[in-house]
Amino acid sequence: MPSLAVTGATGNIGGRVARRLADAGHAQLLLVRDPSRAPDLPGTTVARAAFADRDAVRRALEGVRVVLMVSAAESVDRVDQHRAFVDAAADAGVAHLVYTSFAGAAADATFTLARDHHATEQHIRASGIGFTFLRDNLYADFLPGMVGDDDVLRGPAGDGRAAVVAQDDIADAATAVLTDPEQHAGRTYDLTGPQALTLHDIAAVLAEATGRTITYHPETVEEAYRSRAKYGAPDWQLDAWVSTYTAIADGELDGVSDAVPALTGHPATSLADLLRRRRGR
């Protein structure tokens, strides 16, 4: 049985980490909901285990010492899923959880889903399992998709700033922690890009990268809810979408950390560099 396990291996972060571990020759267990979608990597074992299935998680993790717990997909019951997974990991004897949290995780965070991450962090602390929390800022990789068909980036972020971070940097940092967990026990790392950007800045970087005329329109909160109501999302999802921007406006995502270079040995990736790399693929 491998001593390392990775959840979310079919997704953006877990998949990147799994590939890095495989490339470095580490045996690992991949916990996935659909084994047919698991990446085919050397030295890997695959187990089917949804977060909420405590029995399946406990069986899969018996003998595993260190687990990357990638936060579950956004849902109304995500905290319940997380708690079930943590309890099962504790029952299985897992020694260390590396959890992908969010910047500014707190009970009173403006971003509603950061409150979910806080609740999960607290449950992990109470479980007695060793831990490392990786608090990711907004994913820089997602920013191009936030621009509307009319080349306008909209949201009630005002002139606030966010230290957006590249997913590859997160994966590099997570891999470093997973392969030397004792060095990082009990630590919380804010994973950020090299600078905090306003949405005006982000629009300008996106415009330069694409050759399009991309601009930022600072909506009011009321405008933000109206413009997103057409998607028919539940109230909790609308609140999450809008509070992503109000958290920026409130200054909760503007802190720049040296955690990425300290953990990975390379500079944090700027948004401009990320976009250049994507164009070169």
# chains A, B, ... in the order shown; residues from 1 in each chain; ligands from 1

$ closest_atom_pairs --of "range 39-142 of chain A" --to "range 217-240 of chain A" --cutoff "7 Å" --atoms "only C-alpha atoms" --output "JSON lines"
{"residue": "A:Phe111", "atom": "CA", "partner": "A:Ala240", "partner_atom": "CA", "distance": 6.4}
{"residue": "A:Thr112", "atom": "CA", "partner": "A:Ala240", "partner_atom": "CA", "distance": 5.5}
{"residue": "A:Leu113", "atom": "CA", "partner": "A:Ala240", "partner_atom": "CA", "distance": 6.3}

$ closest_residue --among "A:Leu68, A:Val6, A:Ala171, A:Ile202" --to "His96 in chain A" --atoms "only C-alpha atoms"
A:Leu68

$ atom_distance --atom1 "CA of Ala105 in chain A" --atom2 "CA of Leu4 in chain A"
25.9 Å

$ select_by_dssp --residues "range 103-138 of chain A" --states "strand (DSSP E or B)" --output "PyMOL selection string"
chain A and resi 130-136

$ residues_around --residues "range 187-189 of chain A" --least-positions-apart "3" --cutoff "9 Å" --atoms "only C-alpha atoms" --output "list in words"
Phe131, Thr132, Phe133, Leu134, Arg135, Asp136, Gln183, His184, Ser257, Ala259 and Val260 of chain A

$ closest_residue --among "A:Leu29, A:Leu271, A:Ala247, A:Ile13" --to "Pro156 in chain A" --atoms "only C-alpha atoms"
A:Ala247

$ closest_atom_pairs --of "range 102-205 of chain A" --to "range 19-24 of chain A" --cutoff "12 Å" --atoms "only C-alpha atoms" --output "Markdown table"
| residue | atom | partner | partner_atom | distance |
| --- | --- | --- | --- | --- |
| A:Asp168 | CA | A:Arg20 | CA | 10.2 |
| A:Asp169 | CA | A:Arg20 | CA | 11.7 |
| A:Ile170 | CA | A:Arg20 | CA | 11.7 |
| A:Ala171 | CA | A:Arg20 | CA | 8.0 |
| A:Asp172 | CA | A:Arg20 | CA | 7.8 |
| A:Ala173 | CA | A:Arg20 | CA | 10.8 |
| A:Ala174 | CA | A:Arg20 | CA | 9.9 |
| A:Thr175 | CA | A:Leu21 | CA | 6.8 |
| A:Ala176 | CA | A:Leu21 | CA | 9.5 |
| A:Val177 | CA | A:Leu21 | CA | 11.3 |
| A:Leu178 | CA | A:Leu21 | CA | 9.0 |
| A:Thr179 | CA | A:Leu21 | CA | 8.4 |

$ write_last_selection --atoms "C-alpha atoms" --output "PDB file, in the first residue's frame"
ATOM      1  CA  ASP A 168       0.861  24.873 -11.457  1.00  0.00           C
ATOM      2  CA  ASP A 169       2.387  26.815  -8.550  1.00  0.00           C
ATOM      3  CA  ILE A 170      -0.193  25.344  -6.181  1.00  0.00           C
ATOM      4  CA  ALA A 171       0.616  21.845  -7.422  1.00  0.00           C
ATOM      5  CA  ASP A 172       4.350  22.427  -7.013  1.00  0.00           C
ATOM      6  CA  ALA A 173       3.810  23.669  -3.455  1.00  0.00           C
ATOM      7  CA  ALA A 174       1.509  20.772  -2.561  1.00  0.00           C
ATOM      8  CA  THR A 175       3.997  18.253  -3.940  1.00  0.00           C
ATOM      9  CA  ALA A 176       6.780  19.759  -1.852  1.00  0.00           C
ATOM     10  CA  VAL A 177       4.672  19.457   1.307  1.00  0.00           C
ATOM     11  CA  LEU A 178       3.491  15.919   0.558  1.00  0.00           C
ATOM     12  CA  THR A 179       7.021  14.625   0.067  1.00  0.00           C
TER      13      THR A 179
END

$ residues_around --residues "Ala204 in chain A" --least-positions-apart "4" --cutoff "8 Å" --atoms "only C-alpha atoms" --output "ChimeraX atom specification"
/A:200,208,214-215

$ residues_around --residues "Met69 in chain A" --least-positions-apart "2" --cutoff "7 Å" --atoms "only C-alpha atoms" --output "ChimeraX atom specification"
/A:6-7,67,71,97-100

$ write_last_selection --atoms "N, CA, C and O atoms" --output "compact mmCIF listing (two decimals), in the first residue's frame"
# COMPACT_ATOMS: atom_id res chain seq x y z
N VAL A 6 -3.79 10.78 -2.94
CA VAL A 6 -4.21 12.04 -3.55
C VAL A 6 -5.69 11.93 -3.88
O VAL A 6 -6.11 10.98 -4.55
N THR A 7 -6.48 12.90 -3.43
CA THR A 7 -7.87 12.99 -3.85
C THR A 7 -7.96 13.99 -5.00
O THR A 7 -7.05 14.77 -5.25
N VAL A 67 -2.10 12.32 3.13
CA VAL A 67 -3.17 12.46 2.12
C VAL A 67 -3.29 13.91 1.68
O VAL A 67 -3.33 14.82 2.52
N SER A 71 -10.18 20.09 -1.78
CA SER A 71 -11.55 20.41 -1.39
C SER A 71 -12.54 19.94 -2.46
O SER A 71 -12.27 20.01 -3.67
N LEU A 97 -2.89 15.29 6.95
CA LEU A 97 -3.74 15.76 5.86
C LEU A 97 -3.18 17.08 5.34
O LEU A 97 -2.94 18.01 6.11
N VAL A 98 -3.00 17.15 4.04
CA VAL A 98 -2.65 18.40 3.38
C VAL A 98 -3.90 18.88 2.68
O VAL A 98 -4.36 18.26 1.71
N TYR A 99 -4.49 19.95 3.19
CA TYR A 99 -5.82 20.38 2.74
C TYR A 99 -5.72 21.66 1.91
O TYR A 99 -5.11 22.64 2.33
N THR A 100 -6.36 21.66 0.74
CA THR A 100 -6.40 22.86 -0.10
C THR A 100 -7.55 23.75 0.34
O THR A 100 -8.72 23.49 0.03

$ decode --residues "range 218-268 of chain A" --atoms "N, CA and C atoms" --output "PDB file, in the first residue's frame"
ATOM      1  N   PRO A 218     -16.899  47.848 -12.938  1.00  0.00           N
ATOM      2  CA  PRO A 218     -17.166  47.599 -11.519  1.00  0.00           C
ATOM      3  C   PRO A 218     -18.662  47.693 -11.215  1.00  0.00           C
ATOM      4  N   GLU A 219     -19.313  46.566 -11.180  1.00  0.00           N
ATOM      5  CA  GLU A 219     -20.742  46.528 -10.887  1.00  0.00           C
ATOM      6  C   GLU A 219     -21.018  46.918  -9.438  1.00  0.00           C
ATOM      7  N   THR A 220     -22.253  47.304  -9.171  1.00  0.00           N
ATOM      8  CA  THR A 220     -22.741  47.345  -7.799  1.00  0.00           C
ATOM      9  C   THR A 220     -23.129  45.922  -7.405  1.00  0.00           C
ATOM     10  N   VAL A 221     -23.306  45.686  -6.128  1.00  0.00           N
ATOM     11  CA  VAL A 221     -23.738  44.358  -5.683  1.00  0.00           C
ATOM     12  C   VAL A 221     -25.088  44.011  -6.303  1.00  0.00           C
ATOM     13  N   GLU A 222     -25.987  44.988  -6.348  1.00  0.00           N
ATOM     14  CA  GLU A 222     -27.309  44.733  -6.920  1.00  0.00           C
ATOM     15  C   GLU A 222     -27.202  44.371  -8.393  1.00  0.00           C
ATOM     16  N   GLU A 223     -26.360  45.080  -9.135  1.00  0.00           N
ATOM     17  CA  GLU A 223     -26.153  44.755 -10.551  1.00  0.00           C
ATOM     18  C   GLU A 223     -25.582  43.353 -10.708  1.00  0.00           C
ATOM     19  N   ALA A 224     -24.689  42.982  -9.816  1.00  0.00           N
ATOM     20  CA  ALA A 224     -24.054  41.663  -9.912  1.00  0.00           C
ATOM     21  C   ALA A 224     -25.079  40.547  -9.751  1.00  0.00           C
ATOM     22  N   TYR A 225     -25.964  40.693  -8.790  1.00  0.00           N
ATOM     23  CA  TYR A 225     -27.002  39.664  -8.608  1.00  0.00           C
ATOM     24  C   TYR A 225     -27.937  39.620  -9.808  1.00  0.00           C
ATOM     25  N   ARG A 226     -28.309  40.796 -10.338  1.00  0.00           N
ATOM     26  CA  ARG A 226     -29.212  40.817 -11.493  1.00  0.00           C
ATOM     27  C   ARG A 226     -28.552  40.191 -12.720  1.00  0.00           C
ATOM     28  N   SER A 227     -27.284  40.484 -12.963  1.00  0.00           N
ATOM     29  CA  SER A 227     -26.626  39.999 -14.170  1.00  0.00           C
ATOM     30  C   SER A 227     -26.391  38.493 -14.123  1.00  0.00           C
ATOM     31  N   ARG A 228     -26.389  37.922 -12.925  1.00  0.00           N
ATOM     32  CA  ARG A 228     -26.145  36.478 -12.793  1.00  0.00           C
ATOM     33  C   ARG A 228     -27.423  35.680 -12.548  1.00  0.00           C
ATOM     34  N   ALA A 229     -28.525  36.363 -12.338  1.00  0.00           N
ATOM     35  CA  ALA A 229     -29.788  35.669 -12.070  1.00  0.00           C
ATOM     36  C   ALA A 229     -30.237  34.822 -13.254  1.00  0.00           C
ATOM     37  N   LYS A 230     -29.803  35.197 -14.463  1.00  0.00           N
ATOM     38  CA  LYS A 230     -30.245  34.485 -15.673  1.00  0.00           C
ATOM     39  C   LYS A 230     -29.774  33.037 -15.707  1.00  0.00           C
ATOM     40  N   TYR A 231     -28.773  32.702 -14.908  1.00  0.00           N
ATOM     41  CA  TYR A 231     -28.242  31.334 -14.923  1.00  0.00           C
ATOM     42  C   TYR A 231     -29.083  30.371 -14.096  1.00  0.00           C
ATOM     43  N   GLY A 232     -30.021  30.885 -13.326  1.00  0.00           N
ATOM     44  CA  GLY A 232     -30.899  30.021 -12.555  1.00  0.00           C
ATOM     45  C   GLY A 232     -30.218  29.251 -11.446  1.00  0.00           C
ATOM     46  N   ALA A 233     -29.106  29.752 -10.966  1.00  0.00           N
ATOM     47  CA  ALA A 233     -28.364  29.069  -9.905  1.00  0.00           C
ATOM     48  C   ALA A 233     -29.083  29.241  -8.566  1.00  0.00           C
ATOM     49  N   PRO A 234     -28.882  28.297  -7.637  1.00  0.00           N
ATOM     50  CA  PRO A 234     -29.478  28.441  -6.310  1.00  0.00           C
ATOM     51  C   PRO A 234     -28.875  29.633  -5.569  1.00  0.00           C
ATOM     52  N   ASP A 235     -29.563  30.074  -4.526  1.00  0.00           N
ATOM     53  CA  ASP A 235     -29.134  31.278  -3.815  1.00  0.00           C
ATOM     54  C   ASP A 235     -27.718  31.157  -3.263  1.00  0.00           C
ATOM     55  N   TRP A 236     -27.375  29.979  -2.726  1.00  0.00           N
ATOM     56  CA  TRP A 236     -26.034  29.843  -2.142  1.00  0.00           C
ATOM     57  C   TRP A 236     -24.956  30.019  -3.202  1.00  0.00           C
ATOM     58  N   GLN A 237     -25.235  29.569  -4.429  1.00  0.00           N
ATOM     59  CA  GLN A 237     -24.263  29.698  -5.510  1.00  0.00           C
ATOM     60  C   GLN A 237     -24.144  31.143  -5.965  1.00  0.00           C
ATOM     61  N   LEU A 238     -25.271  31.831  -6.067  1.00  0.00           N
ATOM     62  CA  LEU A 238     -25.223  33.250  -6.413  1.00  0.00           C
ATOM     63  C   LEU A 238     -24.437  34.034  -5.370  1.00  0.00           C
ATOM     64  N   ASP A 239     -24.687  33.735  -4.104  1.00  0.00           N
ATOM     65  CA  ASP A 239     -23.947  34.413  -3.041  1.00  0.00           C
ATOM     66  C   ASP A 239     -22.450  34.167  -3.171  1.00  0.00           C
ATOM     67  N   ALA A 240     -22.087  32.945  -3.515  1.00  0.00           N
ATOM     68  CA  ALA A 240     -20.666  32.616  -3.673  1.00  0.00           C
ATOM     69  C   ALA A 240     -20.067  33.397  -4.841  1.00  0.00           C
ATOM     70  N   TRP A 241     -20.764  33.414  -5.973  1.00  0.00           N
ATOM     71  CA  TRP A 241     -20.243  34.132  -7.137  1.00  0.00           C
ATOM     72  C   TRP A 241     -20.026  35.608  -6.823  1.00  0.00           C
ATOM     73  N   VAL A 242     -21.039  36.241  -6.251  1.00  0.00           N
ATOM     74  CA  VAL A 242     -20.946  37.676  -5.997  1.00  0.00           C
ATOM     75  C   VAL A 242     -19.914  37.979  -4.917  1.00  0.00           C
ATOM     76  N   SER A 243     -19.868  37.159  -3.891  1.00  0.00           N
ATOM     77  CA  SER A 243     -18.935  37.436  -2.791  1.00  0.00           C
ATOM     78  C   SER A 243     -17.489  37.175  -3.166  1.00  0.00           C
ATOM     79  N   THR A 244     -17.251  36.476  -4.273  1.00  0.00           N
ATOM     80  CA  THR A 244     -15.883  36.400  -4.791  1.00  0.00           C
ATOM     81  C   THR A 244     -15.351  37.803  -5.040  1.00  0.00           C
ATOM     82  N   TYR A 245     -16.191  38.644  -5.615  1.00  0.00           N
ATOM     83  CA  TYR A 245     -15.788  40.006  -5.956  1.00  0.00           C
ATOM     84  C   TYR A 245     -15.816  40.929  -4.741  1.00  0.00           C
ATOM     85  N   THR A 246     -16.823  40.796  -3.880  1.00  0.00           N
ATOM     86  CA  THR A 246     -16.878  41.680  -2.714  1.00  0.00           C
ATOM     87  C   THR A 246     -15.737  41.378  -1.748  1.00  0.00           C
ATOM     88  N   ALA A 247     -15.247  40.141  -1.744  1.00  0.00           N
ATOM     89  CA  ALA A 247     -14.069  39.832  -0.928  1.00  0.00           C
ATOM     90  C   ALA A 247     -12.850  40.598  -1.448  1.00  0.00           C
ATOM     91  N   ILE A 248     -12.756  40.732  -2.779  1.00  0.00           N
ATOM     92  CA  ILE A 248     -11.676  41.542  -3.356  1.00  0.00           C
ATOM     93  C   ILE A 248     -11.862  42.997  -2.930  1.00  0.00           C
ATOM     94  N   ALA A 249     -13.071  43.503  -3.050  1.00  0.00           N
ATOM     95  CA  ALA A 249     -13.346  44.894  -2.683  1.00  0.00           C
ATOM     96  C   ALA A 249     -13.010  45.160  -1.220  1.00  0.00           C
ATOM     97  N   ASP A 250     -13.230  44.164  -0.359  1.00  0.00           N
ATOM     98  CA  ASP A 250     -12.985  44.329   1.079  1.00  0.00           C
ATOM     99  C   ASP A 250     -11.520  44.138   1.454  1.00  0.00           C
ATOM    100  N   GLY A 251     -10.667  43.853   0.475  1.00  0.00           N
ATOM    101  CA  GLY A 251      -9.246  43.713   0.749  1.00  0.00           C
ATOM    102  C   GLY A 251      -8.833  42.389   1.361  1.00  0.00           C
ATOM    103  N   GLU A 252      -9.682  41.365   1.223  1.00  0.00           N
ATOM    104  CA  GLU A 252      -9.385  40.077   1.858  1.00  0.00           C
ATOM    105  C   GLU A 252      -8.506  39.163   1.006  1.00  0.00           C
ATOM    106  N   LEU A 253      -8.216  39.564  -0.241  1.00  0.00           N
ATOM    107  CA  LEU A 253      -7.416  38.712  -1.133  1.00  0.00           C
ATOM    108  C   LEU A 253      -6.172  39.426  -1.652  1.00  0.00           C
ATOM    109  N   ASP A 254      -5.797  40.539  -1.008  1.00  0.00           N
ATOM    110  CA  ASP A 254      -4.713  41.337  -1.578  1.00  0.00           C
ATOM    111  C   ASP A 254      -3.339  41.050  -0.979  1.00  0.00           C
ATOM    112  N   GLY A 255      -3.254  40.165   0.004  1.00  0.00           N
ATOM    113  CA  GLY A 255      -1.966  39.868   0.606  1.00  0.00           C
ATOM    114  C   GLY A 255      -1.087  39.032  -0.311  1.00  0.00           C
ATOM    115  N   VAL A 256       0.165  39.446  -0.479  1.00  0.00           N
ATOM    116  CA  VAL A 256       1.135  38.702  -1.289  1.00  0.00           C
ATOM    117  C   VAL A 256       2.077  37.959  -0.346  1.00  0.00           C
ATOM    118  N   SER A 257       2.214  36.663  -0.564  1.00  0.00           N
ATOM    119  CA  SER A 257       3.024  35.798   0.289  1.00  0.00           C
ATOM    120  C   SER A 257       4.253  35.305  -0.459  1.00  0.00           C
ATOM    121  N   ASP A 258       5.282  34.918   0.301  1.00  0.00           N
ATOM    122  CA  ASP A 258       6.463  34.302  -0.311  1.00  0.00           C
ATOM    123  C   ASP A 258       6.406  32.782  -0.232  1.00  0.00           C
ATOM    124  N   ALA A 259       5.220  32.213   0.076  1.00  0.00           N
ATOM    125  CA  ALA A 259       5.118  30.768   0.286  1.00  0.00           C
ATOM    126  C   ALA A 259       5.448  29.974  -0.972  1.00  0.00           C
ATOM    127  N   VAL A 260       4.995  30.430  -2.137  1.00  0.00           N
ATOM    128  CA  VAL A 260       5.278  29.667  -3.360  1.00  0.00           C
ATOM    129  C   VAL A 260       6.777  29.559  -3.601  1.00  0.00           C
ATOM    130  N   PRO A 261       7.527  30.657  -3.638  1.00  0.00           N
ATOM    131  CA  PRO A 261       8.970  30.492  -3.833  1.00  0.00           C
ATOM    132  C   PRO A 261       9.649  29.739  -2.694  1.00  0.00           C
ATOM    133  N   ALA A 262       9.189  29.933  -1.457  1.00  0.00           N
ATOM    134  CA  ALA A 262       9.815  29.246  -0.336  1.00  0.00           C
ATOM    135  C   ALA A 262       9.617  27.737  -0.422  1.00  0.00           C
ATOM    136  N   LEU A 263       8.441  27.296  -0.857  1.00  0.00           N
ATOM    137  CA  LEU A 263       8.149  25.867  -0.929  1.00  0.00           C
ATOM    138  C   LEU A 263       8.686  25.213  -2.195  1.00  0.00           C
ATOM    139  N   THR A 264       8.652  25.950  -3.298  1.00  0.00           N
ATOM    140  CA  THR A 264       8.957  25.341  -4.600  1.00  0.00           C
ATOM    141  C   THR A 264      10.370  25.603  -5.097  1.00  0.00           C
ATOM    142  N   GLY A 265      10.999  26.665  -4.603  1.00  0.00           N
ATOM    143  CA  GLY A 265      12.319  27.022  -5.105  1.00  0.00           C
ATOM    144  C   GLY A 265      12.302  27.807  -6.397  1.00  0.00           C
ATOM    145  N   HIS A 266      11.110  28.206  -6.860  1.00  0.00           N
ATOM    146  CA  HIS A 266      11.039  29.052  -8.057  1.00  0.00           C
ATOM    147  C   HIS A 266      10.087  30.209  -7.797  1.00  0.00           C
ATOM    148  N   PRO A 267      10.209  31.306  -8.526  1.00  0.00           N
ATOM    149  CA  PRO A 267       9.324  32.451  -8.304  1.00  0.00           C
ATOM    150  C   PRO A 267       7.867  32.094  -8.592  1.00  0.00           C
ATOM    151  N   ALA A 268       6.975  32.783  -7.911  1.00  0.00           N
ATOM    152  CA  ALA A 268       5.560  32.634  -8.229  1.00  0.00           C
ATOM    153  C   ALA A 268       5.303  33.159  -9.640  1.00  0.00           C
TER     154      ALA A 268
END
